[in-house]
Amino acid sequence: MKLLVIGSGGREHAICKKLLESPLVETVFCAKGNAGMTVDGIQLVDISEDNHPELIAFAKKNQVDWSFIGPEVPLLNGIVDDFEAAGLKAFGPHKKAALIEGSKDFAKELMTKYQIPTAAHKTFTDYDEALAYVTEKGVPIVIKADGLAAGKGVVVAEDMNDATLALKDMLLDEKFGASSSKVVVEEFLAGEEFSLLAFVKNDKVYPMVISQDHKRAYEGDKGPNTGGMGAYTPVPQIPETMVQEAIEKVLRPAALGMIQEGRSFTGILYAGLIATNAGPKVIEFNARFGDPETQVVLKRLKTDLAEIITALLTDQEPSIEWETEGFEIGVVVAAEGYPAEYATGISLPDFSKFKDVTVYTAGVQKQEEELVSTGGRIYLVGASGASLAEAREKIYHNLQKADTDQTFYRMDIGHQGLHQK
Ligand code: AMP
Ligand code: GLY
């Protein structure tokens with residue numbers, strides 16, 4: 001088979017690499033991909049993810065069997081609808097169904113209607129009304145831009161100053177443009193966070209192994225929210241009963257609810273959850289694989305990803321099996337300053353010297369035969385181990401030897417799980 005993956009980050013690097021492991025797959029194209037992917041045999045296609053007509057023309061000309069859509073933006077732009085209208089197979093939700101990620105307000109309405117456990121909330125477009133509500137509820141409180149904001153539109157306000165500033169930024173100054181002309185204000189949930197993803201085909205839900213992402217920029221979960229600074233799986237401190245409850249009370253009702261709403265979902269459904277004393281509660285839904293969760297979760301998939309997607313696209317029952325032994329960790333290396341202002345053009349270490357780890361590149365390009373950075377999250381170093389400690393050691397051992405002067409990474413990825421068996 002010839003496959004096309006849309007997207008350019010570490011997540012897409014991991015998806016492409018996994019697809020290439022399949023004996024059924026001859027070629028994996030990635031549009032646009034990034035220069036670090038070519039060492040793994042992935043073929044880059046220089047067409048941007050929002051250029052649907054050119055992507056369709058490419059898929060036809062190259063006899064692509066099906067395409068896999070990585071990021072949320074093309075999904076919300078209706079790329080799956082456009083591919084299908086052109087007679088092509090594409091895996092991901094239709095535009096209507098991607099709204100589960102595209103509007104936090106819609107996701108909240110869905111959860112309320114189908115009794116999916118989530119934080120209590122209210123939606124506002126008016127600054128004074130929002131401020132009055134926040135004042136009444138008190139801090140800590142969580143303020144979220146309604147639309148897409150690349151993981152940065154969420155403020156967990158510890159005091160009234162932060163809360164007022166966040167409301168001002170979003171509602172008065174439209175910091176995230178139209179995405180923040182509406183905000184969801186929600187109850188702060190205390191507990192461990194975990195990500196539960198599933199392959200979904202309408203009413204059928206095939207859960208993956210859970211993982212935990214580290215969203216804050218700095219160690220000890222301090223600093224601003226980012227797209228994610230590292231992840232690991234499994235998450236030993238989250239009991240299996242919590243996971244089962246999340247599958248039954250969150251994922252299945254969400255898939256069924258979407259059908260009821262005329263927005264039947266096919267693709268990867270991602271529930272961001274907090275394990276509270278009252279069970280799992282949703283903090284967000286995404287309509288795609290997570291980044292960096294994918295880089296660790298797909299390493300645990302024992303069956304053939306290309307076969308699974310082919311089965312789902314042709315209404316057959318997929319065979320899905322997960323590794324149950326050991327651990328996977330991934331640590332993101334980011335440009336100094338990320339998620340705010342940061343430099344680009346930073347030279348990257350020679351990855352061929354790294355031992356016992358897998359590198360997934362994201363914000364990189366080739367300059368005179370050398371890889372340099374173009375983005376904030378530059379690459380992820382992943383490793384497996386019989387224990388979390390062993391996997392961590394492999395990663396940090398390589399990173400400490402590499403020249404990482406203008407970059408930073410968190411030293412505490414996986415720390416919550418370290419003392420668990
Ligand atoms: P989101 O983009 O919605 O996942 O939010 C980004 C981060 O903010 C999450 O990963 C959590 O760490 C935190 N967060 C979001 N909503 C809540 C909430 N209701 N209670 C506590 N923390 C939250
Ligand atoms: N790692 C969080 C996300 O992909 O949204």
# chains A, B, ... in the order shown; residues from 1 in each chain; ligands from 1

$ residues_near_ligand --ligand "ligand 1" --cutoff "7 Å" --atoms "only C-alpha atoms and all ligand atoms" --output "count of residues only"
19

$ closest_atom_pairs --of "chain A" --to "ligand 2" --cutoff "6 Å" --atoms "only C-alpha atoms and all ligand atoms" --output "JSON lines"
{"residue": "A:Asp213", "atom": "CA", "partner": "ligand 2", "partner_atom_place_in_ligand_line": "1 (N)", "distance": 5.9}
{"residue": "A:Gly227", "atom": "CA", "partner": "ligand 2", "partner_atom_place_in_ligand_line": "1 (N)", "distance": 5.5}
{"residue": "A:Gly228", "atom": "CA", "partner": "ligand 2", "partner_atom_place_in_ligand_line": "1 (N)", "distance": 4.8}
{"residue": "A:Gly290", "atom": "CA", "partner": "ligand 2", "partner_atom_place_in_ligand_line": "4 (O)", "distance": 3.2}
{"residue": "A:Asp291", "atom": "CA", "partner": "ligand 2", "partner_atom_place_in_ligand_line": "4 (O)", "distance": 4.0}
{"residue": "A:Pro292", "atom": "CA", "partner": "ligand 2", "partner_atom_place_in_ligand_line": "1 (N)", "distance": 5.3}
{"residue": "A:Glu293", "atom": "CA", "partner": "ligand 2", "partner_atom_place_in_ligand_line": "1 (N)", "distance": 5.9}

$ residues_around --residues "Gly138 of chain A" --least-positions-apart "5" --cutoff "9 Å" --atoms "only C-alpha atoms" --output "list in words"
Tyr133, Asp159 and Met160 of chain A

$ residues_around --residues "Asp169 of chain A" --least-positions-apart "6" --cutoff "12 Å" --atoms "only C-alpha atoms" --output "ChimeraX atom specification"
/A:127,143-145,153-155,162-163,175-177,179-183

$ select_by_dssp --residues "segment 114-206 of chain A" --states "alpha helix (DSSP H)" --output "list in words"
Tyr127, Asp128, Glu129, Ala130, Leu131, Ala132, Tyr133, Val134, Thr135, Glu136, Lys137, Met160, Asn161, Asp162, Ala163, Thr164, Leu165, Ala166 and Leu167 of chain A

$ atom_distance --atom1 "atom CA of Ala57 of chain A" --atom2 "atom CA of Lys2 of chain A"
14.6 Å

$ residues_around --residues "segment 102-111 of chain A" --least-positions-apart "4" --cutoff "6 Å" --atoms "only C-alpha atoms" --output "list in words"
Gln115, Ile116, Asp146, Gly147 and Leu148 of chain A

$ closest_atom_pairs --of "segment 219-287 of chain A" --to "segment 321-335 of chain A" --cutoff "6 Å" --atoms "only C-alpha atoms" --output "Markdown table"
| residue | atom | partner | partner_atom | distance |
| --- | --- | --- | --- | --- |
| A:Met229 | CA | A:Val332 | CA | 5.0 |
| A:Gly230 | CA | A:Val331 | CA | 4.4 |
| A:Ala231 | CA | A:Gly330 | CA | 5.3 |
| A:Tyr232 | CA | A:Ile329 | CA | 4.2 |
| A:Thr233 | CA | A:Glu328 | CA | 5.4 |

$ select_by_dssp --residues "segment 183-398 of chain A" --states "strand (DSSP E or B)" --output "PyMOL selection string"
chain A and resi 183-187+192-201+204-207+211-213+216-218+222-225+230-233+266-276+279-286+301+322+327-335+347+358-361+364-367+370-373+377-385

$ closest_residue --among "A:Phe68, A:Phe199, A:Tyr396, A:Phe124" --to "Phe29 of chain A" --atoms "only C-alpha atoms"
A:Phe68

$ atom_distance --atom1 "atom CA of Lys299 of chain A" --atom2 "atom CA of Glu248 of chain A"
24.9 Å

$ residues_around --residues "Lys89 of chain A" --least-positions-apart "2" --cutoff "9 Å" --atoms "only C-alpha atoms" --output "list in words"
Val64, Asp65, Trp66, Ser67, Phe68, Val80, Phe83, Glu84, Ala86, Gly87, Phe91 and Leu313 of chain A

$ residues_around --residues "Ala362 of chain A" --least-positions-apart "5" --cutoff "8 Å" --atoms "only C-alpha atoms" --output "number ranges by chain"
A: 8-11, 13, 34, 36, 375, 377-380

$ write_last_selection --atoms "N, CA, C and O atoms" --output "PDB file, in the first residue's frame"
ATOM      1  N   SER A   8       3.067  17.587  10.266  1.00  0.00           N
ATOM      2  CA  SER A   8       4.514  17.766  10.177  1.00  0.00           C
ATOM      3  C   SER A   8       5.255  17.627  11.498  1.00  0.00           C
ATOM      4  O   SER A   8       6.448  17.882  11.566  1.00  0.00           O
ATOM      5  N   GLY A   9       4.574  17.211  12.552  1.00  0.00           N
ATOM      6  CA  GLY A   9       5.204  17.198  13.869  1.00  0.00           C
ATOM      7  C   GLY A   9       5.751  15.837  14.293  1.00  0.00           C
ATOM      8  O   GLY A   9       5.826  14.891  13.503  1.00  0.00           O
ATOM      9  N   GLY A  10       6.115  15.763  15.574  1.00  0.00           N
ATOM     10  CA  GLY A  10       6.608  14.526  16.157  1.00  0.00           C
ATOM     11  C   GLY A  10       5.533  13.443  16.136  1.00  0.00           C
ATOM     12  O   GLY A  10       5.830  12.256  15.950  1.00  0.00           O
ATOM     13  N   ARG A  11       4.298  13.877  16.348  1.00  0.00           N
ATOM     14  CA  ARG A  11       3.180  12.926  16.281  1.00  0.00           C
ATOM     15  C   ARG A  11       3.129  12.262  14.907  1.00  0.00           C
ATOM     16  O   ARG A  11       3.032  11.031  14.801  1.00  0.00           O
ATOM     17  N   HIS A  13       5.553  12.019  12.783  1.00  0.00           N
ATOM     18  CA  HIS A  13       6.754  11.191  12.632  1.00  0.00           C
ATOM     19  C   HIS A  13       6.482   9.797  13.201  1.00  0.00           C
ATOM     20  O   HIS A  13       6.777   8.774  12.568  1.00  0.00           O
ATOM     21  N   ASN A  34       8.693  16.767   8.140  1.00  0.00           N
ATOM     22  CA  ASN A  34       9.853  17.621   8.449  1.00  0.00           C
ATOM     23  C   ASN A  34      11.130  16.854   8.098  1.00  0.00           C
ATOM     24  O   ASN A  34      11.120  15.625   7.988  1.00  0.00           O
ATOM     25  N   GLY A  36      13.700  15.880   9.522  1.00  0.00           N
ATOM     26  CA  GLY A  36      14.229  14.812  10.365  1.00  0.00           C
ATOM     27  C   GLY A  36      13.613  13.452  10.071  1.00  0.00           C
ATOM     28  O   GLY A  36      14.125  12.413  10.502  1.00  0.00           O
ATOM     29  N   GLY A 375      10.885  25.452  15.006  1.00  0.00           N
ATOM     30  CA  GLY A 375       9.708  25.608  15.873  1.00  0.00           C
ATOM     31  C   GLY A 375      10.082  25.612  17.333  1.00  0.00           C
ATOM     32  O   GLY A 375      11.274  25.535  17.696  1.00  0.00           O
ATOM     33  N   ARG A 377       8.713  23.387  19.901  1.00  0.00           N
ATOM     34  CA  ARG A 377       9.013  22.006  20.301  1.00  0.00           C
ATOM     35  C   ARG A 377       9.818  21.416  19.151  1.00  0.00           C
ATOM     36  O   ARG A 377       9.323  21.295  18.033  1.00  0.00           O
ATOM     37  N   ILE A 378      11.064  21.057  19.409  1.00  0.00           N
ATOM     38  CA  ILE A 378      11.962  20.709  18.304  1.00  0.00           C
ATOM     39  C   ILE A 378      12.006  19.203  18.046  1.00  0.00           C
ATOM     40  O   ILE A 378      11.825  18.758  16.927  1.00  0.00           O
ATOM     41  N   TYR A 379      12.260  18.440  19.087  1.00  0.00           N
ATOM     42  CA  TYR A 379      12.272  16.979  18.911  1.00  0.00           C
ATOM     43  C   TYR A 379      11.934  16.297  20.230  1.00  0.00           C
ATOM     44  O   TYR A 379      11.913  16.947  21.286  1.00  0.00           O
ATOM     45  N   LEU A 380      11.654  15.020  20.139  1.00  0.00           N
ATOM     46  CA  LEU A 380      11.342  14.229  21.333  1.00  0.00           C
ATOM     47  C   LEU A 380      12.260  13.019  21.345  1.00  0.00           C
ATOM     48  O   LEU A 380      12.494  12.402  20.307  1.00  0.00           O
TER      49      LEU A 380
END

$ closest_residue --among "A:Leu55, A:Val205, A:Val25, A:Ile6" --to "Leu88 of chain A" --atoms "only C-alpha atoms"
A:Leu55

$ atom_distance --atom1 "atom CA of Lys168 of chain A" --atom2 "atom CA of Glu72 of chain A"
26.5 Å
